[in-house]
Amino acid sequence: MAGISSNPAATATRPQAPMVRRLAPLVIFALLALLPLASALGLPGHWLTLVTRAMIFAIAALSLDLVLGIGGLISFGHAAYIGIGAYGAGILISEGQTELLVALPVILLACTVFAAITGYVSLRTRGVAFIMITLAFGQMAFYFAQALSAYGGDDGLTLYEKSTLFGREIFGNRTGFYYIALGTLAFCYWLARRLVASRFGRVLRAARENSVRVTVTGYDVDHVRLGAYVISGMMAGLSGFLLANQTDFVSPAYMSWSRSGELIFMVVLGGVGSLYGAILGALAFLVTEDVLSSLTQNWKVIFGPLIVLFVLFTHGGIAGLANKLRGRRDG
């Protein structure tokens with residue numbers, strides 16, 4: 001009969017992708033929650049620090065995927081928000097203000113203002129022009145950080161304290177920091193999923209496909225995109241705050257165009273638009289980088305082509321590969 005698939009296998013596998021999208025995040029967070037136990041049972045201690053760093057960058061990659069994968073906006077200056085978050089924490093700590101409940105609102109406000117201003121200007125362009133203008137704003141933040149001679153300038157700023165909560169140091173314990181990073185990542189993922197599932201997210205996704213049609217229906221596409229851009233910037237700023245507290249150091253290099261490129265690589269490696277793929281991409285990127293760098297000094301010669309080949313032949317990154325493997329297993 002017309003309208004009914006004649007292929008039972010195809011009909012049976014239709015729910016697979018949604019099922020993977022529901023189960024994959026649960027599996028990821030469950031495995032991450034168990035990693036400290038594995039570390040206690042003999043896994044090298046530096047892996048806990050490495051995965052903590054990977055989760056911090058996963059927050060930034062997740063924030064980028066919100067505008068890139070869902071909104072179709074390729075931001076090449078997203079590392080600026082990591083730098084704003086890191087420098088916000090670093091400057092406040094160096095001035096004697098370590099309280100987290102003071103630092104976080106200041107950082108989020110700074111990211112909001114920067115994202116609102118630069119986003120308003122950038123979103124007046126499209127395509128390559130948008131990519132280039134976000135790159136320009138990112139480099140502007142980079143050079144501004146280099147000019148902060150009172151806070152280390154090009155040499156960066158070493159932090160001799162960490163942020164505190166009600167006077168208590170909560171980032172000093174490695175395992176405790178790990179779970180703070182994990183909890184923050186889980187919250188950001190939950191928030192991103194809620195945004196994508198809301199009317200706001202549906203309009204953002206529809207605008208990616210056909211902005212003219214969405215505008216005709218009465219929605220202000222530019223306002224929706226700007227809202228997503230600001231939320232994304234705040235989320236990336238949060239990752240910068242955590243990064244400064246983990247490394248006890250902030251540097252203009254956090255804002256460089258190469259760091260923004262790495263964030264895009266993480267999103268593409270994990271699977272553009274899947275959200276949980278951004279988490280997988282960040283974890284895979286940093287773990288692979290660490291393993292290869294421990295094997296050879298020329299690890300970048302191997303790492304670059306390896307990522308390119310993986311992305312070319314998986315067509316959907318790690319998330320897409322997971323969907324395909326499940327389809328083959330159930331088929």
# chains A, B, ... in the order shown; residues from 1 in each chain; ligands from 1
$ residues_around --residues "stretch 124-130 of chain A" --least-positions-apart "5" --cutoff "10 Å" --atoms "only C-alpha atoms" --output "MDAnalysis selection string"
chainID A and resid 72:76 119 135:136 222
$ write_last_selection --atoms "N, CA, C and O atoms" --output "tab-separated table (two decimals), in the first residue's frame"
chain	number	residue	atom	x	y	z
A	72	GLY	N	23.62	26.65	12.90
A	72	GLY	CA	24.29	26.79	11.61
A	72	GLY	C	25.21	27.99	11.54
A	72	GLY	O	25.53	28.48	10.44
A	73	LEU	N	25.69	28.49	12.68
A	73	LEU	CA	26.56	29.67	12.74
A	73	LEU	C	27.98	29.23	13.07
A	73	LEU	O	28.25	28.77	14.18
A	74	ILE	N	28.89	29.37	12.11
A	74	ILE	CA	30.26	28.92	12.31
A	74	ILE	C	31.07	30.04	12.93
A	74	ILE	O	31.54	30.95	12.25
A	75	SER	N	31.22	29.97	14.25
A	75	SER	CA	31.97	30.99	14.99
A	75	SER	C	33.43	30.58	15.08
A	75	SER	O	33.75	29.53	15.62
A	76	PHE	N	34.32	31.42	14.55
A	76	PHE	CA	35.75	31.13	14.58
A	76	PHE	C	36.45	31.96	15.64
A	76	PHE	O	37.67	32.12	15.59
A	119	GLY	N	28.01	39.72	18.83
A	119	GLY	CA	26.99	38.93	18.14
A	119	GLY	C	26.06	39.81	17.31
A	119	GLY	O	25.70	39.46	16.19
A	135	LEU	N	36.17	35.71	13.80
A	135	LEU	CA	37.61	35.54	13.95
A	135	LEU	C	38.26	36.86	14.35
A	135	LEU	O	39.12	36.90	15.24
A	136	ALA	N	37.83	37.94	13.72
A	136	ALA	CA	38.39	39.27	14.03
A	136	ALA	C	38.10	39.67	15.47
A	136	ALA	O	38.99	40.18	16.17
A	222	ASP	N	16.87	37.04	13.86
A	222	ASP	CA	18.10	37.64	14.40
A	222	ASP	C	18.11	37.64	15.92
A	222	ASP	O	19.14	37.41	16.54
$ select_by_dssp --residues "stretch 57-231 of chain A" --states "helix (DSSP H, G or I)" --output "PyMOL selection string"
chain A and resi 57-70+79-94+100-122+128-146+149-151+153-155+174-197+199-216+221-231
$ closest_atom_pairs --of "stretch 212-301 of chain A" --to "stretch 26-30 of chain A" --cutoff "9 Å" --atoms "only C-alpha atoms" --output "tab-separated table"
residue	atom	partner	partner_atom	distance
A:Tyr276	CA	A:Ile28	CA	8.5
A:Ile279	CA	A:Ile28	CA	8.6
A:Leu280	CA	A:Ile28	CA	8.1
$ write_last_selection --atoms "all heavy atoms" --output "JSON list (two decimals), in the first residue's frame"
[["chain", "number", "residue", "atom", "x", "y", "z"],
["A", 276, "TYR", "N", 25.72, 15.68, 22.48],
["A", 276, "TYR", "CA", 26.56, 14.73, 23.20],
["A", 276, "TYR", "C", 27.80, 14.39, 22.38],
["A", 276, "TYR", "O", 28.85, 14.01, 22.92],
["A", 276, "TYR", "CB", 25.80, 13.47, 23.58],
["A", 276, "TYR", "CG", 25.52, 12.50, 22.46],
["A", 276, "TYR", "CD1", 26.46, 11.54, 22.09],
["A", 276, "TYR", "CD2", 24.31, 12.53, 21.77],
["A", 276, "TYR", "CE1", 26.20, 10.64, 21.08],
["A", 276, "TYR", "CE2", 24.04, 11.64, 20.75],
["A", 276, "TYR", "CZ", 24.99, 10.70, 20.40],
["A", 276, "TYR", "OH", 24.74, 9.82, 19.38],
["A", 279, "ILE", "N", 30.73, 16.43, 23.39],
["A", 279, "ILE", "CA", 31.42, 15.90, 24.57],
["A", 279, "ILE", "C", 32.38, 14.80, 24.16],
["A", 279, "ILE", "O", 33.54, 14.77, 24.58],
["A", 279, "ILE", "CB", 30.39, 15.38, 25.59],
["A", 279, "ILE", "CG1", 29.45, 16.50, 26.03],
["A", 279, "ILE", "CG2", 31.09, 14.74, 26.78],
["A", 279, "ILE", "CD1", 28.30, 16.04, 26.92],
["A", 280, "LEU", "N", 31.89, 13.89, 23.32],
["A", 280, "LEU", "CA", 32.75, 12.81, 22.83],
["A", 280, "LEU", "C", 33.93, 13.35, 22.05],
["A", 280, "LEU", "O", 35.05, 12.86, 22.17],
["A", 280, "LEU", "CB", 31.93, 11.85, 21.96],
["A", 280, "LEU", "CG", 30.88, 10.99, 22.66],
["A", 280, "LEU", "CD1", 30.05, 10.23, 21.64],
["A", 280, "LEU", "CD2", 31.55, 10.02, 23.63]]
$ residues_around --residues "A:Ser232" --least-positions-apart "2" --cutoff "7 Å" --atoms "only C-alpha atoms" --output "PyMOL selection string"
chain A and resi 63-64+66-67+228-230+234-236
$ select_by_dssp --residues "stretch 78-283 of chain A" --states "strand (DSSP E or B)" --output "ChimeraX atom specification"
/A:99,157-158,164-165,168-169,249-250
$ write_last_selection --atoms "N, CA and C atoms" --output "short mmCIF file (atom, residue, chain, number, x, y, z; two decimals), in the first residue's frame"
data_model
loop_
_atom_site.label_atom_id
_atom_site.label_comp_id
_atom_site.auth_asym_id
_atom_site.auth_seq_id
_atom_site.Cartn_x
_atom_site.Cartn_y
_atom_site.Cartn_z
N GLU A 99 36.03 34.66 46.04
CA GLU A 99 34.70 34.09 46.23
C GLU A 99 34.03 33.77 44.90
N LEU A 157 49.38 34.97 33.37
CA LEU A 157 49.24 35.31 34.79
C LEU A 157 49.18 34.03 35.62
N THR A 158 50.11 33.89 36.56
CA THR A 158 50.11 32.74 37.46
C THR A 158 49.22 33.03 38.66
N THR A 164 37.09 30.21 45.83
CA THR A 164 36.54 29.57 47.03
C THR A 164 35.02 29.73 47.06
N LEU A 165 34.37 28.91 47.86
CA LEU A 165 32.93 29.00 48.07
C LEU A 165 32.68 29.20 49.55
N ARG A 168 35.68 28.53 51.60
CA ARG A 168 36.26 27.19 51.56
C ARG A 168 36.80 26.89 50.17
N GLU A 169 38.01 26.33 50.12
CA GLU A 169 38.59 25.97 48.83
C GLU A 169 37.98 24.66 48.36
N PHE A 249 46.71 29.14 36.09
CA PHE A 249 47.41 30.00 35.13
C PHE A 249 46.43 30.44 34.05
N VAL A 250 46.56 31.68 33.60
CA VAL A 250 45.76 32.16 32.47
C VAL A 250 46.70 32.80 31.48
#
$ residues_around --residues "stretch 111-115 of chain A" --least-positions-apart "4" --cutoff "10 Å" --atoms "only C-alpha atoms" --output "PyMOL selection string"
chain A and resi 78+80-85+88+105-107+119-122+137+141+226-238
$ write_last_selection --atoms "C-alpha atoms" --output "short mmCIF file (atom, residue, chain, number, x, y, z; two decimals), in the first residue's frame"
data_model
loop_
_atom_site.label_atom_id
_atom_site.label_comp_id
_atom_site.auth_asym_id
_atom_site.auth_seq_id
_atom_site.Cartn_x
_atom_site.Cartn_y
_atom_site.Cartn_z
CA HIS A 78 34.66 31.16 20.33
CA ALA A 80 37.52 34.43 23.30
CA TYR A 81 34.87 33.42 25.82
CA ILE A 82 37.16 30.82 27.36
CA GLY A 83 39.72 33.59 27.75
CA ILE A 84 37.19 36.00 29.26
CA GLY A 85 36.18 33.38 31.82
CA GLY A 88 37.89 37.06 34.89
CA PRO A 105 28.27 36.56 38.06
CA VAL A 106 31.00 38.98 36.97
CA ILE A 107 32.36 36.52 34.41
CA GLY A 119 26.99 38.93 18.14
CA TYR A 120 24.81 41.88 17.14
CA VAL A 121 27.48 43.04 14.70
CA SER A 122 28.43 39.56 13.44
CA PHE A 137 36.55 39.76 17.32
CA ALA A 141 40.17 39.85 22.59
CA LEU A 226 21.58 36.44 19.12
CA GLY A 227 20.00 34.79 22.16
CA ALA A 228 21.67 31.49 21.27
CA TYR A 229 24.98 33.26 20.67
CA VAL A 230 24.86 34.95 24.08
CA ILE A 231 23.93 31.73 25.92
CA SER A 232 26.73 29.95 24.08
CA GLY A 233 29.24 32.63 25.08
CA MET A 234 28.23 32.43 28.74
CA MET A 235 28.62 28.67 28.72
CA ALA A 236 32.10 28.91 27.18
CA GLY A 237 33.01 31.55 29.77
CA LEU A 238 32.09 29.07 32.49
#
$ closest_residue --among "A:Phe285, A:Phe57, A:Leu68, A:Asn245" --to "A:Ile170" --atoms "only C-alpha atoms"
A:Asn245
